[in-house]
Each structure stands twice: as structure tokens, then as C-alpha cells.
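For reference, the structure is listed below as C-alpha cells.
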Amino acid sequence: MPVERLEGHQSGRSAEESREEFERGLLMTTIDKAVSWARKQSMWPVTFGLACCAIEMMATGAGDYDLSRWGMELFRASPRQADLMIVAGRVSQKMAPVLRTIYDQMPEPKWVISMGVCASSGGMFTNYAVVQGVDTIVPVDIYVPGCPPKPEMLMYGILRLHEKVRTEGRVK
Amino acid sequence: MNVTELAERVRRLHPDVVVARGEATVLVDRDVLLAALRAFRDDEELRLDFLSSVTATDWPGRDPRFRVVYELSSTERHHRLRVKVGLPEDDARVPSVTGLFPTANWHERETYDFFGVVFEGHPNLRRILLPEGWEGWPLRKTEELGGVDTRYHGAFIPPVDRRTS
């Protein structure tokens, strides 16, 4: 028992007082909550800029909007070091297998944000060249509307995702 | 050489020349296409030594339905000439000009990719921009607009307006 061990160093306190002191400094939680919190605090996005949305995504990561406030400024060039894919722009039919490969290369757990209407539904490109919604290829967690969305909108989507990661947590 | 002189010179080789908005266009038959382009390239006055583009147009209901368009220009004399070849709907084939202008290679592949015009004698006539295994010719006027489905790894997802959930 640590309480007994502490007793000799803290003269003037009874064993009962020392035990109370110890319990005040103790925080109880579950592994699920602790790990979810850690995941949420430090997401590493993979760069997947495809069109004009990517410009807004870059602006979100740069100085004015500063994604590093949420520990996210480190856009990885390798999917193996990332746990979030922000699909920023229209996905062409020819890009679809590439996108899926990159998604498959990301380690679990991983999340996807579909940024802008083109990624979400094909947007104005209802034609042969563009995939009609990236959710036909990979599972999507958050859809951010807009053409393109402002950095504030992307940040709102990211914060909603953080909330999802923090609360849904089940550690496998 | 201005466009009128250019048209006059071309007319001596092939009669069907039109000048509109300061641009000269000559229509030739596909049987003589190679000879015509060779003549335009090697002619002392024309010197049309650069093929800047190959494309096609689609006119459903007309005969010929397809027009393959060759944009020639002269790096030496700084003038341009457009050459058009009409192709019937049921026989959209034309000889490849890669032997005369190697730059035609990718242009012809792209035209094949989008219009389904077959360039006979092309060294590598495969799709160039669309994914391999694509069915249809998307820039033909008879292709549907919108309502695009997604086919991916054997899965079929209907177009956005026809999804139930």
C-alpha cells in the first residue's frame, strides 16, 4: 500500500488523511476512453488533394487557420503513416482504384472525410469521367458540403469527426 | 502567304477548300488522306510540317456522320490549314497518319478513346485517357448525359438519382 509507505515522509498526517490525499489525485477511466482521446488529439491526415478543394485544404493547414491547433498539421505523403483521408475534389473513374489502394494501405483505425460536393456526390460533374460519390468506393465518416468548402467548414467537419472518434471508441 | 493565297495553293492539290473567318479548311476523301497530308507537308510553298491536333466531330443524322479533323501548321511559313475527312456511321475507319507525323500517335488514341474512330495502321491503338475496359464512346452525341453509375471491382452502384437509400 503506498499510503503506508508515504506515512513516514509526511509527518503530522494520519494514515487516514494520507489515504484521502491519495484518492483525490486519482483519475479513473477506461482504456477505450483514454485511447479514443489520444487518437482524437493527434490525427495524421494523408494528402489526397484532387482539385480546387485541395487549395482550401492547404489553406486549412497553413498559418491563417492552423490545423496544428488540433495536432493535425502533419499531412503525410505516405498512407502508411496516416489515419485520416480527406478526399478533396472530384474523383475521376481512373483515379478510383488509386484512391482505394491508398485507403487500403492506411493502417487501422482510419477515417475518411469527403470534402466538397464533388467527392460527396459527383457534384456538377454528372458525366462519364467522375465517380458519383466517393462513398461508392470507400466508407465515409463525414461529408463536408460546399464548392469548395471554406476552411471553417472543413474545420467544423474535422471537429465533428473528432467528436465521433472520441465518443464511438472501442479499442480492438 | 495570306489565307487567300494559301487556299489557292491548296485548291490546286485538292479542290474542296473553304475559307471562313480567316481560316482555310480542305475536305479530302479518306482514300487520299495520306497522299494529301504528304503533299501538304512536302509542298515547296505550303510546308505544313507540323500536325498540331487530331480530333473528330460527331453529327448524328448526317452523312457522313463523323468528321476527323487534322490541324496542320507550318513552323517555317507561319500559316495554318485544317484538313477534314468524312466517315460514315457504320464504317468509322481512317488510315493512321503516324507514319507521316509521329505526333499523331496520342492524338489518334484520344480520338479513338472518345469517338470510337478506328485508325488503321496505328502502332498501339488502345484507350489513352479512360480506364481500360470502359464500354462506349463518351463524346459521341448519342451517349446519354448524366445518370452515371459506378462500376468498381464488380460492384454496381446506380446513379445518384436512382439510389434508394
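FYI, nothing fancy with the C-alpha cells labels: chains A, B, ... in order, residues from 1 per chain, ligands from 1 as they appear.
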Sort by chain and increasing residue number a table of all residues of segment 105-137 of chain B within 12 Å of segment 68-92 of chain A, each with its closest pair of atoms and their distance in Å to one decimal, counting only C-alpha atoms, and write it as a tab-separated table.
```
residue	atom	partner	partner_atom	distance
B:Leu129	CA	A:Ser92	CA	10.6
B:Leu130	CA	A:Ser92	CA	9.4
B:Pro131	CA	A:Ser92	CA	9.7
```
Keeping only N, CA and C atoms, write the selected residues as a short mmCIF file (atom, residue, chain, number, x, y, z; two decimals), in the first residue's frame.
```
data_model
loop_
_atom_site.label_atom_id
_atom_site.label_comp_id
_atom_site.auth_asym_id
_atom_site.auth_seq_id
_atom_site.Cartn_x
_atom_site.Cartn_y
_atom_site.Cartn_z
N LEU B 129 -7.03 7.84 -72.18
CA LEU B 129 -7.44 8.63 -71.02
C LEU B 129 -8.44 7.89 -70.15
N LEU B 130 -9.39 7.20 -70.75
CA LEU B 130 -10.38 6.47 -69.96
C LEU B 130 -9.74 5.19 -69.42
N PRO B 131 -10.31 4.65 -68.35
CA PRO B 131 -9.77 3.39 -67.83
C PRO B 131 -9.93 2.28 -68.87
#
```
Distance table requested - chain B against chain A, cut-off 8 Å, only C-alpha atoms: one row per qualifying residue with the closest atom pair and its distance in Å to one decimal, ordered by chain and rising residue number, as a Markdown table.
```
| residue | atom | partner | partner_atom | distance |
| --- | --- | --- | --- | --- |
| B:Leu130 | CA | A:Lys94 | CA | 6.6 |
| B:Pro131 | CA | A:Lys94 | CA | 5.3 |
| B:Pro138 | CA | A:Tyr128 | CA | 6.8 |
| B:Leu145 | CA | A:Asn127 | CA | 6.3 |
| B:Gly146 | CA | A:Thr126 | CA | 4.6 |
| B:Gly147 | CA | A:Thr126 | CA | 6.6 |
| B:Val148 | CA | A:Asn127 | CA | 6.1 |
| B:Asp149 | CA | A:Gln132 | CA | 7.1 |
| B:Thr150 | CA | A:Val131 | CA | 6.4 |
| B:Tyr152 | CA | A:Ile137 | CA | 7.4 |
| B:Ile157 | CA | A:Thr136 | CA | 6.8 |
| B:Pro159 | CA | A:Gln132 | CA | 7.0 |
| B:Val160 | CA | A:Gln132 | CA | 6.7 |
```
* Write down as a ChimeraX atom specification the residues belonging to chain A that are assigned strand (DSSP E or B) by DSSP computed on the backbone. => /A:45-46,49,76,84-88,92,111-115,130,142-144
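Of the residues in segment 45-146 of chain A, those that DSSP places in alpha helix (DSSP H) on the basis of the backbone are Cys52, Cys53, Ala54, Ile55, Glu56, Met57, Met58, Ala59, Thr60, Gly61, Ala96, Pro97, Val98, Leu99, Arg100, Thr101, Ile102, Tyr103, Asp104, Gln105, Gly116, Val117, Cys118, Ala119, Ser120 and Ser121 of chain A.
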* Which residues come within 9 Å of segment 82-98 of chain B, counting only C-alpha atoms, excluding same-chain residues fewer than 6 positions away, as a ChimeraX atom specification? -> /B:23-31,33-34,37,56,60,62-73,104-105,108,116-123
* **Neighbour list for Pro149 of chain A as a ChimeraX atom specification, cut-off 12 Å, only C-alpha atoms, skip fewer than 4 positions in-chain** => /A:52-57,59-60,88-89,114-120,143-145,153-157
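Interatomic distance, atom CA of Val98 of chain A against atom CA of Arg127 of chain B: 18.1 Å.
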